[in-house]
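Shown below: entry_32.pdb, with PDB, C-alpha atoms.
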```
ATOM      1  CA  MET Q  29      16.792  -3.843 -46.545
ATOM      2  CA  THR Q  30      13.547  -5.460 -47.606
ATOM      3  CA  SER Q  31      14.589  -8.924 -46.428
ATOM      4  CA  ASP Q  32      15.595  -7.580 -42.992
ATOM      5  CA  THR Q  33      12.208  -5.908 -42.548
ATOM      6  CA  SER Q  34      10.421  -9.039 -43.714
ATOM      7  CA  GLY Q  35      12.404 -11.204 -41.324
ATOM      8  CA  THR Q  36      11.629  -8.947 -38.387
ATOM      9  CA  THR Q  37       7.950  -8.869 -39.306
ATOM     10  CA  GLU Q  38       7.784 -12.661 -39.557
ATOM     11  CA  ALA Q  39       9.585 -13.092 -36.237
ATOM     12  CA  THR Q  40       7.262 -10.615 -34.569
ATOM     13  CA  ALA Q  41       4.210 -12.362 -35.983
ATOM     14  CA  ALA Q  42       5.491 -15.714 -34.745
ATOM     15  CA  TYR Q  43       6.025 -14.240 -31.303
ATOM     16  CA  ALA Q  44       2.518 -12.811 -31.246
ATOM     17  CA  HIS Q  45       1.109 -16.279 -31.937
ATOM     18  CA  GLY Q  46       3.277 -17.865 -29.258
ATOM     19  CA  THR Q  47       5.315 -19.965 -31.698
ATOM     20  CA  ALA Q  48       8.664 -18.263 -31.211
ATOM     21  CA  ASP Q  49      10.676 -16.187 -28.784
ATOM     22  CA  ALA Q  50      10.459 -12.425 -28.980
ATOM     23  CA  PRO Q  51      12.689 -10.841 -31.646
ATOM     24  CA  PRO Q  52      15.732  -8.986 -30.218
ATOM     25  CA  THR Q  53      14.247  -5.499 -30.510
ATOM     26  CA  ARG Q  54      10.971  -6.679 -28.991
ATOM     27  CA  ARG Q  55      12.668  -8.515 -26.103
ATOM     28  CA  ARG Q  56      14.273  -5.319 -24.841
ATOM     29  CA  SER Q  57      10.894  -3.644 -24.304
ATOM     30  CA  ARG Q  58       8.752  -6.654 -23.353
ATOM     31  CA  LEU Q  59       9.897 -10.046 -22.141
ATOM     32  CA  ARG Q  60       6.643 -11.940 -22.679
ATOM     33  CA  LEU Q  61       3.004 -11.534 -23.507
ATOM     34  CA  ASN Q  62       0.725 -10.311 -20.713
ATOM     35  CA  LYS Q  63       0.701 -12.917 -17.933
ATOM     36  CA  VAL Q  64      -2.796 -12.256 -16.533
ATOM     37  CA  PRO Q  65      -6.254 -12.638 -18.100
ATOM     38  CA  GLU Q  66      -8.408  -9.988 -19.668
ATOM     39  CA  VAL Q  67     -10.865  -8.538 -17.148
ATOM     40  CA  THR Q  68     -14.187  -9.972 -18.272
ATOM     41  CA  VAL Q  69     -17.270 -11.263 -16.497
ATOM     42  CA  TYR Q  70     -15.515 -14.661 -16.370
ATOM     43  CA  PHE Q  71     -12.639 -13.058 -14.466
ATOM     44  CA  TRP Q  72     -14.898 -11.669 -11.748
ATOM     45  CA  VAL Q  73     -17.016 -14.801 -11.443
ATOM     46  CA  ILE Q  74     -13.985 -17.068 -11.024
ATOM     47  CA  LYS Q  75     -12.343 -14.570  -8.678
ATOM     48  CA  VAL Q  76     -15.352 -14.567  -6.329
ATOM     49  CA  LEU Q  77     -15.576 -18.365  -6.519
ATOM     50  CA  CYS Q  78     -11.870 -18.652  -5.665
ATOM     51  CA  THR Q  79     -12.296 -16.378  -2.661
ATOM     52  CA  THR Q  80     -15.181 -18.534  -1.448
ATOM     53  CA  VAL Q  81     -13.053 -21.663  -1.846
ATOM     54  CA  GLY Q  82     -10.205 -19.909  -0.062
ATOM     55  CA  GLU Q  83     -12.405 -19.412   2.975
ATOM     56  CA  THR Q  84     -14.076 -22.837   3.050
ATOM     57  CA  ALA Q  85     -10.992 -24.837   2.017
ATOM     58  CA  ALA Q  86      -8.890 -23.175   4.711
ATOM     59  CA  ASP Q  87     -11.513 -24.113   7.312
ATOM     60  CA  LEU Q  88     -11.791 -27.638   5.890
ATOM     61  CA  LEU Q  89      -8.052 -28.277   5.934
ATOM     62  CA  ASN Q  90      -7.706 -26.867   9.397
ATOM     63  CA  GLU Q  91     -10.490 -29.113  10.703
ATOM     64  CA  LYS Q  92      -9.833 -32.343   8.787
ATOM     65  CA  ALA Q  93      -6.103 -32.507   7.959
ATOM     66  CA  GLY Q  94      -4.974 -32.878  11.552
ATOM     67  CA  LEU Q  95      -1.933 -30.665  10.924
ATOM     68  CA  GLY Q  96      -3.114 -27.693  12.892
ATOM     69  CA  LEU Q  97      -3.404 -24.181  11.551
ATOM     70  CA  THR Q  98       0.374 -23.712  11.360
ATOM     71  CA  GLY Q  99       0.977 -27.061   9.639
ATOM     72  CA  VAL Q 100      -1.736 -26.455   7.066
ATOM     73  CA  SER Q 101      -0.346 -22.967   6.450
ATOM     74  CA  LEU Q 102       3.137 -24.332   5.753
ATOM     75  CA  LEU Q 103       1.786 -27.052   3.451
ATOM     76  CA  MET Q 104      -0.370 -24.697   1.399
ATOM     77  CA  SER Q 105       2.414 -22.110   1.227
ATOM     78  CA  ALA Q 106       4.756 -24.757  -0.181
ATOM     79  CA  LEU Q 107       2.176 -25.765  -2.806
ATOM     80  CA  LEU Q 108       1.641 -22.110  -3.709
ATOM     81  CA  ALA Q 109       5.388 -21.593  -4.105
ATOM     82  CA  VAL Q 110       5.587 -24.527  -6.544
ATOM     83  CA  VAL Q 111       2.663 -23.250  -8.629
ATOM     84  CA  LEU Q 112       4.065 -19.707  -8.690
ATOM     85  CA  VAL Q 113       7.386 -21.041  -9.986
ATOM     86  CA  VAL Q 114       5.464 -22.667 -12.841
ATOM     87  CA  GLN Q 115       3.478 -19.452 -13.379
ATOM     88  CA  PHE Q 116       6.623 -17.321 -13.570
ATOM     89  CA  ARG Q 117       8.258 -19.736 -16.011
ATOM     90  CA  THR Q 118       5.408 -19.532 -18.526
ATOM     91  CA  ASN Q 119       5.856 -16.998 -21.317
ATOM     92  CA  ALA Q 120       2.183 -16.008 -21.520
ATOM     93  CA  TYR Q 121      -1.096 -16.310 -19.659
ATOM     94  CA  ARG Q 122      -2.164 -19.927 -19.089
ATOM     95  CA  ALA Q 123      -5.643 -20.154 -17.584
ATOM     96  CA  GLY Q 124      -5.098 -23.401 -15.672
ATOM     97  CA  VAL Q 125      -1.846 -22.339 -14.016
ATOM     98  CA  TYR Q 126      -3.013 -18.793 -13.313
ATOM     99  CA  TRP Q 127      -6.288 -19.720 -11.634
ATOM    100  CA  LEU Q 128      -4.672 -22.529  -9.641
ATOM    101  CA  ALA Q 129      -2.270 -19.909  -8.279
ATOM    102  CA  VAL Q 130      -5.187 -17.597  -7.431
ATOM    103  CA  ALA Q 131      -7.077 -20.407  -5.660
ATOM    104  CA  LEU Q 132      -4.000 -21.352  -3.607
ATOM    105  CA  ILE Q 133      -3.109 -17.753  -2.787
ATOM    106  CA  SER Q 134      -6.692 -17.300  -1.616
ATOM    107  CA  VAL Q 135      -6.244 -20.178   0.830
ATOM    108  CA  VAL Q 136      -2.818 -18.929   1.965
ATOM    109  CA  GLY Q 137      -4.054 -15.359   2.413
ATOM    110  CA  THR Q 138      -6.891 -16.656   4.577
ATOM    111  CA  LEU Q 139      -4.505 -18.790   6.632
ATOM    112  CA  VAL Q 140      -2.090 -15.893   7.173
ATOM    113  CA  SER Q 141      -4.901 -13.797   8.618
ATOM    114  CA  ASP Q 142      -6.270 -16.703  10.676
ATOM    115  CA  ASN Q 143      -2.828 -17.481  12.115
ATOM    116  CA  LEU Q 144      -2.409 -13.934  13.309
ATOM    117  CA  THR Q 145      -5.858 -13.715  14.875
ATOM    118  CA  ASP Q 146      -6.371 -17.281  16.159
ATOM    119  CA  ASN Q 147      -2.825 -18.402  17.045
ATOM    120  CA  MET Q 148      -1.244 -15.109  18.017
ATOM    121  CA  GLY Q 149      -4.256 -13.243  19.323
ATOM    122  CA  VAL Q 150      -3.768 -10.197  17.107
ATOM    123  CA  PRO Q 151      -7.032  -8.199  16.960
ATOM    124  CA  LEU Q 152      -8.845  -8.071  13.634
ATOM    125  CA  GLU Q 153      -8.706  -4.281  13.741
ATOM    126  CA  THR Q 154      -4.912  -4.522  13.833
ATOM    127  CA  THR Q 155      -4.535  -7.141  11.086
ATOM    128  CA  THR Q 156      -6.915  -5.208   8.825
ATOM    129  CA  THR Q 157      -4.887  -2.039   9.307
ATOM    130  CA  VAL Q 158      -1.526  -3.769   8.874
ATOM    131  CA  PHE Q 159      -2.539  -5.561   5.672
ATOM    132  CA  ALA Q 160      -3.997  -2.329   4.276
ATOM    133  CA  VAL Q 161      -0.696  -0.559   4.949
ATOM    134  CA  LEU Q 162       1.341  -3.412   3.435
ATOM    135  CA  LEU Q 163      -0.838  -3.391   0.313
ATOM    136  CA  ALA Q 164      -0.388   0.374   0.024
ATOM    137  CA  VAL Q 165       3.385  -0.054   0.335
ATOM    138  CA  VAL Q 166       3.366  -2.635  -2.470
ATOM    139  CA  PHE Q 167       1.352  -0.297  -4.694
ATOM    140  CA  VAL Q 168       3.692   2.627  -4.002
ATOM    141  CA  ALA Q 169       6.808   0.540  -4.688
ATOM    142  CA  TRP Q 170       5.192  -0.935  -7.812
ATOM    143  CA  TYR Q 171       4.240   2.472  -9.182
ATOM    144  CA  ARG Q 172       7.599   4.072  -8.360
ATOM    145  CA  SER Q 173       9.344   1.217 -10.151
ATOM    146  CA  GLU Q 174       7.068   0.766 -13.170
ATOM    147  CA  ARG Q 175       5.014   4.006 -13.346
ATOM    148  CA  THR Q 176       1.838   1.953 -13.691
ATOM    149  CA  LEU Q 177      -0.368  -0.436 -11.702
ATOM    150  CA  SER Q 178      -2.218  -1.662 -14.759
ATOM    151  CA  ILE Q 179      -2.727  -5.408 -15.073
ATOM    152  CA  HIS Q 180      -2.708  -5.074 -18.854
ATOM    153  CA  SER Q 181       1.081  -4.876 -18.829
ATOM    154  CA  ILE Q 182       2.166  -7.701 -16.517
ATOM    155  CA  ASP Q 183       4.832  -8.689 -19.021
ATOM    156  CA  THR Q 184       8.097  -8.648 -17.059
ATOM    157  CA  THR Q 185       9.280 -10.654 -14.073
ATOM    158  CA  ARG Q 186       9.410  -7.559 -11.856
ATOM    159  CA  ARG Q 187       5.872  -6.496 -12.699
ATOM    160  CA  GLU Q 188       4.614 -10.019 -12.172
ATOM    161  CA  SER Q 189       6.334 -10.128  -8.768
ATOM    162  CA  PHE Q 190       4.589  -6.919  -7.708
ATOM    163  CA  TYR Q 191       1.293  -8.266  -9.046
ATOM    164  CA  TRP Q 192       1.324 -11.519  -7.057
ATOM    165  CA  LEU Q 193       2.515  -9.775  -3.906
ATOM    166  CA  ALA Q 194      -0.383  -7.335  -4.229
ATOM    167  CA  VAL Q 195      -2.819 -10.209  -4.806
ATOM    168  CA  LEU Q 196      -1.590 -11.976  -1.655
ATOM    169  CA  PHE Q 197      -2.145  -8.886   0.485
ATOM    170  CA  THR Q 198      -5.579  -8.254  -1.044
ATOM    171  CA  PHE Q 199      -6.633 -11.730   0.073
ATOM    172  CA  ALA Q 200      -5.165 -11.309   3.570
ATOM    173  CA  LEU Q 201      -6.724  -7.847   3.877
ATOM    174  CA  GLY Q 202     -10.070  -9.058   2.577
ATOM    175  CA  THR Q 203     -10.093 -11.932   5.061
ATOM    176  CA  SER Q 204      -9.413  -9.689   8.039
ATOM    177  CA  ALA Q 205     -11.835  -6.979   6.901
ATOM    178  CA  GLY Q 206     -14.546  -9.536   6.148
ATOM    179  CA  ASP Q 207     -14.175 -11.218   9.542
ATOM    180  CA  LEU Q 208     -14.173  -7.822  11.226
ATOM    181  CA  VAL Q 209     -17.445  -6.809   9.607
ATOM    182  CA  ALA Q 210     -19.188 -10.192   9.923
ATOM    183  CA  GLU Q 211     -18.085 -11.151  13.428
ATOM    184  CA  ARG Q 212     -16.927  -8.158  15.437
ATOM    185  CA  MET Q 213     -19.709  -5.901  14.156
ATOM    186  CA  ASP Q 214     -22.129  -8.809  14.527
ATOM    187  CA  LEU Q 215     -23.830  -8.247  11.170
ATOM    188  CA  GLY Q 216     -23.896 -11.905  10.171
ATOM    189  CA  TYR Q 217     -22.705 -13.573   6.989
ATOM    190  CA  TRP Q 218     -25.667 -12.799   4.734
ATOM    191  CA  ILE Q 219     -25.888  -9.110   5.574
ATOM    192  CA  SER Q 220     -22.114  -8.816   5.228
ATOM    193  CA  ALA Q 221     -22.265 -10.365   1.751
ATOM    194  CA  VAL Q 222     -24.976  -7.903   0.715
ATOM    195  CA  LEU Q 223     -22.980  -4.947   2.048
ATOM    196  CA  PHE Q 224     -19.820  -5.959   0.196
ATOM    197  CA  ALA Q 225     -21.827  -6.577  -2.997
ATOM    198  CA  LEU Q 226     -23.306  -3.077  -2.691
ATOM    199  CA  ALA Q 227     -19.828  -1.645  -2.173
ATOM    200  CA  ILE Q 228     -18.637  -3.333  -5.388
ATOM    201  CA  ALA Q 229     -21.697  -1.989  -7.200
ATOM    202  CA  ALA Q 230     -20.834   1.497  -5.939
ATOM    203  CA  VAL Q 231     -17.320   1.145  -7.360
ATOM    204  CA  ALA Q 232     -18.810   0.103 -10.711
ATOM    205  CA  VAL Q 233     -21.078   3.163 -10.720
ATOM    206  CA  ALA Q 234     -18.155   5.402  -9.811
ATOM    207  CA  ARG Q 235     -16.128   3.909 -12.641
ATOM    208  CA  PHE Q 236     -18.660   3.971 -15.462
ATOM    209  CA  ALA Q 237     -20.844   6.933 -14.451
ATOM    210  CA  LEU Q 238     -18.429   9.207 -12.632
ATOM    211  CA  GLY Q 239     -15.165   8.376 -14.390
ATOM    212  CA  LEU Q 240     -13.209   6.881 -11.488
ATOM    213  CA  ASN Q 241      -9.746   5.789 -12.628
ATOM    214  CA  ALA Q 242      -9.891   2.327 -14.207
ATOM    215  CA  VAL Q 243      -6.822   0.975 -12.423
ATOM    216  CA  TRP Q 244      -7.965   2.064  -8.974
ATOM    217  CA  SER Q 245     -11.495   0.855  -9.697
ATOM    218  CA  PHE Q 246     -10.101  -2.565 -10.500
ATOM    219  CA  TRP Q 247      -7.984  -2.873  -7.361
ATOM    220  CA  ILE Q 248     -10.706  -1.576  -5.032
ATOM    221  CA  ALA Q 249     -13.159  -4.091  -6.492
ATOM    222  CA  TYR Q 250     -10.490  -6.794  -6.303
ATOM    223  CA  VAL Q 251     -10.061  -6.221  -2.575
ATOM    224  CA  LEU Q 252     -13.819  -6.134  -1.971
ATOM    225  CA  THR Q 253     -14.471  -9.430  -3.769
ATOM    226  CA  ARG Q 254     -12.417 -11.220  -1.095
ATOM    227  CA  PRO Q 255     -14.735 -10.482   1.863
ATOM    228  CA  LEU Q 256     -17.723 -10.911  -0.455
ATOM    229  CA  GLY Q 257     -16.641 -14.439  -1.370
ATOM    230  CA  ALA Q 258     -15.694 -15.234   2.224
ATOM    231  CA  SER Q 259     -19.091 -14.076   3.508
ATOM    232  CA  VAL Q 260     -20.874 -16.188   0.898
ATOM    233  CA  GLY Q 261     -18.703 -19.196   1.747
ATOM    234  CA  ASP Q 262     -19.347 -18.831   5.469
ATOM    235  CA  TYR Q 263     -23.075 -18.358   4.902
ATOM    236  CA  LEU Q 264     -23.278 -21.582   2.893
ATOM    237  CA  SER Q 265     -20.974 -23.702   5.043
ATOM    238  CA  GLN Q 266     -21.562 -22.634   8.645
ATOM    239  CA  PRO Q 267     -24.193 -24.321  10.851
ATOM    240  CA  THR Q 268     -27.691 -22.876  10.894
ATOM    241  CA  GLY Q 269     -27.269 -22.014  14.559
ATOM    242  CA  ASP Q 270     -24.393 -19.701  13.608
ATOM    243  CA  GLY Q 271     -26.340 -17.968  10.856
ATOM    244  CA  GLY Q 272     -25.358 -20.210   7.939
ATOM    245  CA  LEU Q 273     -27.160 -22.726   5.729
ATOM    246  CA  GLY Q 274     -25.304 -25.709   7.177
ATOM    247  CA  LEU Q 275     -23.959 -27.181   3.917
ATOM    248  CA  GLY Q 276     -20.553 -27.754   5.515
ATOM    249  CA  THR Q 277     -17.087 -26.959   4.222
ATOM    250  CA  VAL Q 278     -16.768 -30.202   2.229
ATOM    251  CA  VAL Q 279     -19.915 -29.705   0.160
ATOM    252  CA  THR Q 280     -19.359 -25.975  -0.300
ATOM    253  CA  SER Q 281     -15.716 -26.385  -1.344
ATOM    254  CA  ALA Q 282     -16.510 -29.247  -3.733
ATOM    255  CA  LEU Q 283     -19.388 -27.305  -5.309
ATOM    256  CA  PHE Q 284     -17.377 -24.181  -5.978
ATOM    257  CA  LEU Q 285     -14.266 -26.053  -7.104
ATOM    258  CA  THR Q 286     -16.397 -27.908  -9.659
ATOM    259  CA  VAL Q 287     -17.772 -24.656 -11.057
ATOM    260  CA  ILE Q 288     -14.281 -23.106 -11.157
ATOM    261  CA  LEU Q 289     -12.893 -26.126 -12.996
ATOM    262  CA  GLY Q 290     -15.702 -26.005 -15.543
ATOM    263  CA  LEU Q 291     -15.164 -22.293 -16.220
ATOM    264  CA  VAL Q 292     -11.382 -22.642 -16.490
ATOM    265  CA  VAL Q 293     -11.707 -25.539 -18.946
ATOM    266  CA  PHE Q 294     -14.116 -23.383 -20.968
ATOM    267  CA  LEU Q 295     -11.599 -20.527 -21.031
ATOM    268  CA  VAL Q 296      -8.720 -22.836 -21.975
ATOM    269  CA  ILE Q 297     -10.735 -24.027 -24.972
ATOM    270  CA  THR Q 298     -12.245 -20.704 -26.083
ATOM    271  CA  ARG Q 299      -9.402 -18.354 -25.004
ATOM    272  CA  LYS Q 300     -12.020 -15.668 -24.404
ATOM    273  CA  ASP Q 301      -9.936 -14.101 -21.631
ATOM    274  CA  VAL Q 302      -6.588 -13.925 -23.421
ATOM    275  CA  THR Q 303      -5.289 -10.383 -23.776
ATOM    276  CA  LYS Q 304      -4.548  -9.551 -27.403
ATOM    277  CA  PRO Q 305      -1.103  -8.131 -28.145
ATOM    278  CA  ASP Q 306      -0.979  -4.455 -28.998
ATOM    279  CA  GLU Q 307      -0.826  -4.516 -32.780
ATOM    280  CA  GLN Q 308       0.807  -1.108 -32.964
ATOM    281  CA  GLU Q 309       3.558  -2.167 -30.581
ATOM    282  CA  LEU Q 310       4.135  -5.343 -32.570
ATOM    283  CA  GLN Q 311       4.398  -3.398 -35.790
ATOM    284  CA  ALA Q 312       6.725  -0.875 -34.156
ATOM    285  CA  ALA Q 313       8.962  -3.745 -33.046
TER
END
```
Take the structure from the file and write it as structure tokens.
Amino acid sequence: MTSDTSGTTEATAAYAHGTADAPPTRRRSRLRLNKVPEVTVYFWVIKVLCTTVGETAADLLNEKAGLGLTGVSLLMSALLAVVLVVQFRTNAYRAGVYWLAVALISVVGTLVSDNLTDNMGVPLETTTTVFAVLLAVVFVAWYRSERTLSIHSIDTTRRESFYWLAVLFTFALGTSAGDLVAERMDLGYWISAVLFALAIAAVAVARFALGLNAVWSFWIAYVLTRPLGASVGDYLSQPTGDGGLGLGTVVTSALFLTVILGLVVFLVITRKDVTKPDEQELQAA
């Protein structure tokens, strides 16, 4: 009796440190450790930077690659698929793989929206509405299946599938909504960025001062960071005559990619954004 308990405890401890597979009783309730990072200031900074790169890199590839919007979309979608396969095959959060997937899904989400509006002539009002509905459908299906939308329990293949599908639609929705506000409402990139930043601040106030649900606060802010990053990217990269600073897509993309790489390397070394296993659950296993 004692040796069995000791063996289970040792196996569970090894699993918690990533040196062994989950013990049989643990595997039935959780396949892996949480596959996404802890929500810290690093998370939000890198997220906004990735959204900015998604906007500027999509424009850069479309202008310089010579493949056309459709060709670039297919290429980036293929790269995203490869990275997501790697992401799904990992047994825990890996900062490099995770943030590469986010950066690529940011580009793909932008390209999906651009294809609909530029190639197919779908109005931004329509794409914004459609992506909002699709995101809502994903959330409903996710909640009906798992009874939670929390990112602190992305520890099964099904939950991870819902998570990445939701992330894709947040980027597509954010692109369409950001373009709608900045271009169709003729507010300009800088004013749009300020408005989206104020909206995120309002969500933070609602969360910490008024008790807005943590999960919904997260996802609302997650959607809003996409048009915020896109507006910042456009403001930096677009010509001065169009309301930007004229840095160009090459300089802007390179600058933000460098900062993202530095932050990700820092997180890989320090592991400051790794979600700690629930000690009570580990002991119960």
Tell me which residues the PyMOL selection byres ((chain Q and resi 148-159) around 9) grabs here, as JSON, numbers by chain. {"Q": [141, 143, 144, 145, 146, 147, 160, 161, 162, 163, 164, 197, 198, 200, 201, 202, 203, 204, 205, 207, 208, 212]}
Could you give me, as a PyMOL selection string, the residues within 12 Å of Q:Leu112, counting only C-alpha atoms and dropping anything in the same chain fewer than 6 positions from it? chain Q and resi 63+105-106+118+125-133+185+188-189+191-193+196
Evaluate the PyMOL selection byres ((chain Q and resi 221-236) around 8) and record the selected residues as a VMD selection string, following the chain and residue labels used in the document. chain Q and resid 217 to 220 237 to 242 245 248 to 249 252 to 253 255 to 257 259 to 260
For stretch 149-163 of chain Q, take all atoms listed in the file, fit an axis-aligned box around them, add 3 Å to each of the six sides, then output centre and edge lengths in Å rounded to one decimal, as JSON.
```
{"center_x": -3.8, "center_y": -6.9, "center_z": 9.8, "size_x": 16.2, "size_y": 18.7, "size_z": 25.0}
```
Using the chain letters and numbers from the file, give me the residues hit by the PyMOL selection byres ((chain Q and resi 70-79) around 9), as a PDB file with C-alpha atoms, in the coordinates of the input.
```pdb
ATOM      1  CA  PRO Q  65      -6.254 -12.638 -18.100  1.00  0.00           C
ATOM      2  CA  GLU Q  66      -8.408  -9.988 -19.668  1.00  0.00           C
ATOM      3  CA  VAL Q  67     -10.865  -8.538 -17.148  1.00  0.00           C
ATOM      4  CA  THR Q  68     -14.187  -9.972 -18.272  1.00  0.00           C
ATOM      5  CA  VAL Q  69     -17.270 -11.263 -16.497  1.00  0.00           C
ATOM      6  CA  THR Q  80     -15.181 -18.534  -1.448  1.00  0.00           C
ATOM      7  CA  VAL Q  81     -13.053 -21.663  -1.846  1.00  0.00           C
ATOM      8  CA  GLY Q  82     -10.205 -19.909  -0.062  1.00  0.00           C
ATOM      9  CA  GLU Q  83     -12.405 -19.412   2.975  1.00  0.00           C
ATOM     10  CA  THR Q  84     -14.076 -22.837   3.050  1.00  0.00           C
ATOM     11  CA  TRP Q 127      -6.288 -19.720 -11.634  1.00  0.00           C
ATOM     12  CA  VAL Q 130      -5.187 -17.597  -7.431  1.00  0.00           C
ATOM     13  CA  ALA Q 131      -7.077 -20.407  -5.660  1.00  0.00           C
ATOM     14  CA  LEU Q 132      -4.000 -21.352  -3.607  1.00  0.00           C
ATOM     15  CA  SER Q 134      -6.692 -17.300  -1.616  1.00  0.00           C
ATOM     16  CA  VAL Q 135      -6.244 -20.178   0.830  1.00  0.00           C
ATOM     17  CA  PHE Q 199      -6.633 -11.730   0.073  1.00  0.00           C
ATOM     18  CA  TYR Q 250     -10.490  -6.794  -6.303  1.00  0.00           C
ATOM     19  CA  THR Q 253     -14.471  -9.430  -3.769  1.00  0.00           C
ATOM     20  CA  ARG Q 254     -12.417 -11.220  -1.095  1.00  0.00           C
ATOM     21  CA  PRO Q 255     -14.735 -10.482   1.863  1.00  0.00           C
ATOM     22  CA  LEU Q 256     -17.723 -10.911  -0.455  1.00  0.00           C
ATOM     23  CA  GLY Q 257     -16.641 -14.439  -1.370  1.00  0.00           C
ATOM     24  CA  ALA Q 258     -15.694 -15.234   2.224  1.00  0.00           C
ATOM     25  CA  GLY Q 261     -18.703 -19.196   1.747  1.00  0.00           C
ATOM     26  CA  PHE Q 284     -17.377 -24.181  -5.978  1.00  0.00           C
ATOM     27  CA  LEU Q 285     -14.266 -26.053  -7.104  1.00  0.00           C
ATOM     28  CA  VAL Q 287     -17.772 -24.656 -11.057  1.00  0.00           C
ATOM     29  CA  ILE Q 288     -14.281 -23.106 -11.157  1.00  0.00           C
ATOM     30  CA  LEU Q 291     -15.164 -22.293 -16.220  1.00  0.00           C
ATOM     31  CA  VAL Q 292     -11.382 -22.642 -16.490  1.00  0.00           C
ATOM     32  CA  LEU Q 295     -11.599 -20.527 -21.031  1.00  0.00           C
ATOM     33  CA  LYS Q 300     -12.020 -15.668 -24.404  1.00  0.00           C
ATOM     34  CA  ASP Q 301      -9.936 -14.101 -21.631  1.00  0.00           C
TER      35      ASP Q 301
END
```
If I take atom CA of Q:Arg187 and atom CA of Q:Phe167, how far is one from the other in Å, to one decimal?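 Between atom CA of Q:Arg187 and atom CA of Q:Phe167 the gap works out to 11.1 Å.
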Atom CA of Q:Ala123 sits from atom CA of Q:Val296 at a separation of 6.0 Å
Within 9 Å of file point (-26.6, -14.6, 11.2), counting only C-alpha atoms, expressed as JSON, numbers by chain: {"Q": [210, 214, 215, 216, 217, 218, 219, 263, 268, 269, 270, 271, 272]}
Keeping only C-alpha atoms, write those residues as a PDB file, keeping the file's coordinate frame.
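Listing of part.pdb after writing:
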```pdb
ATOM      1  CA  ALA Q 210     -19.188 -10.192   9.923  1.00  0.00           C
ATOM      2  CA  ASP Q 214     -22.129  -8.809  14.527  1.00  0.00           C
ATOM      3  CA  LEU Q 215     -23.830  -8.247  11.170  1.00  0.00           C
ATOM      4  CA  GLY Q 216     -23.896 -11.905  10.171  1.00  0.00           C
ATOM      5  CA  TYR Q 217     -22.705 -13.573   6.989  1.00  0.00           C
ATOM      6  CA  TRP Q 218     -25.667 -12.799   4.734  1.00  0.00           C
ATOM      7  CA  ILE Q 219     -25.888  -9.110   5.574  1.00  0.00           C
ATOM      8  CA  TYR Q 263     -23.075 -18.358   4.902  1.00  0.00           C
ATOM      9  CA  THR Q 268     -27.691 -22.876  10.894  1.00  0.00           C
ATOM     10  CA  GLY Q 269     -27.269 -22.014  14.559  1.00  0.00           C
ATOM     11  CA  ASP Q 270     -24.393 -19.701  13.608  1.00  0.00           C
ATOM     12  CA  GLY Q 271     -26.340 -17.968  10.856  1.00  0.00           C
ATOM     13  CA  GLY Q 272     -25.358 -20.210   7.939  1.00  0.00           C
TER      14      GLY Q 272
END
```
Distance of atom CA of Q:Leu139 from atom CA of Q:Met104, expressed in Å to one decimal place: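 Between these atoms lies a distance of 8.9 Å.
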Env of Q:Val278: 10 Å cut, atoms = all atoms listed in the file, seq-sep filter 3 positions within chain, self excluded. Answer as a PDB file with C-alpha atoms, keeping the file's coordinate frame.
```
ATOM      1  CA  THR Q  84     -14.076 -22.837   3.050  1.00  0.00           C
ATOM      2  CA  ALA Q  85     -10.992 -24.837   2.017  1.00  0.00           C
ATOM      3  CA  ASP Q  87     -11.513 -24.113   7.312  1.00  0.00           C
ATOM      4  CA  LEU Q  88     -11.791 -27.638   5.890  1.00  0.00           C
ATOM      5  CA  LEU Q  89      -8.052 -28.277   5.934  1.00  0.00           C
ATOM      6  CA  LYS Q  92      -9.833 -32.343   8.787  1.00  0.00           C
ATOM      7  CA  SER Q 265     -20.974 -23.702   5.043  1.00  0.00           C
ATOM      8  CA  LEU Q 275     -23.959 -27.181   3.917  1.00  0.00           C
ATOM      9  CA  SER Q 281     -15.716 -26.385  -1.344  1.00  0.00           C
ATOM     10  CA  ALA Q 282     -16.510 -29.247  -3.733  1.00  0.00           C
ATOM     11  CA  LEU Q 283     -19.388 -27.305  -5.309  1.00  0.00           C
TER      12      LEU Q 283
END
```
Once N, CA and C atoms are restored for stretch 166-172 of chain Q, what would the output be as an mmCIF file, in the frame of the given file?
```cif
data_model
loop_
_atom_site.group_PDB
_atom_site.id
_atom_site.type_symbol
_atom_site.label_atom_id
_atom_site.label_comp_id
_atom_site.auth_asym_id
_atom_site.auth_seq_id
_atom_site.Cartn_x
_atom_site.Cartn_y
_atom_site.Cartn_z
ATOM 1 N N VAL Q 166 3.121 -1.914 -1.220
ATOM 2 C CA VAL Q 166 3.366 -2.635 -2.470
ATOM 3 C C VAL Q 166 2.969 -1.779 -3.666
ATOM 4 N N PHE Q 167 1.808 -1.136 -3.591
ATOM 5 C CA PHE Q 167 1.352 -0.297 -4.694
ATOM 6 C C PHE Q 167 2.307 0.875 -4.933
ATOM 7 N N VAL Q 168 2.772 1.493 -3.863
ATOM 8 C CA VAL Q 168 3.692 2.627 -4.002
ATOM 9 C C VAL Q 168 5.008 2.173 -4.641
ATOM 10 N N ALA Q 169 5.550 1.051 -4.133
ATOM 11 C CA ALA Q 169 6.808 0.540 -4.688
ATOM 12 C C ALA Q 169 6.624 0.126 -6.142
ATOM 13 N N TRP Q 170 5.499 -0.502 -6.441
ATOM 14 C CA TRP Q 170 5.192 -0.935 -7.812
ATOM 15 C C TRP Q 170 5.138 0.276 -8.735
ATOM 16 N N TYR Q 171 4.399 1.311 -8.316
ATOM 17 C CA TYR Q 171 4.240 2.472 -9.182
ATOM 18 C C TYR Q 171 5.560 3.240 -9.349
ATOM 19 N N ARG Q 172 6.315 3.368 -8.262
ATOM 20 C CA ARG Q 172 7.599 4.072 -8.360
ATOM 21 C C ARG Q 172 8.570 3.338 -9.282
#
```
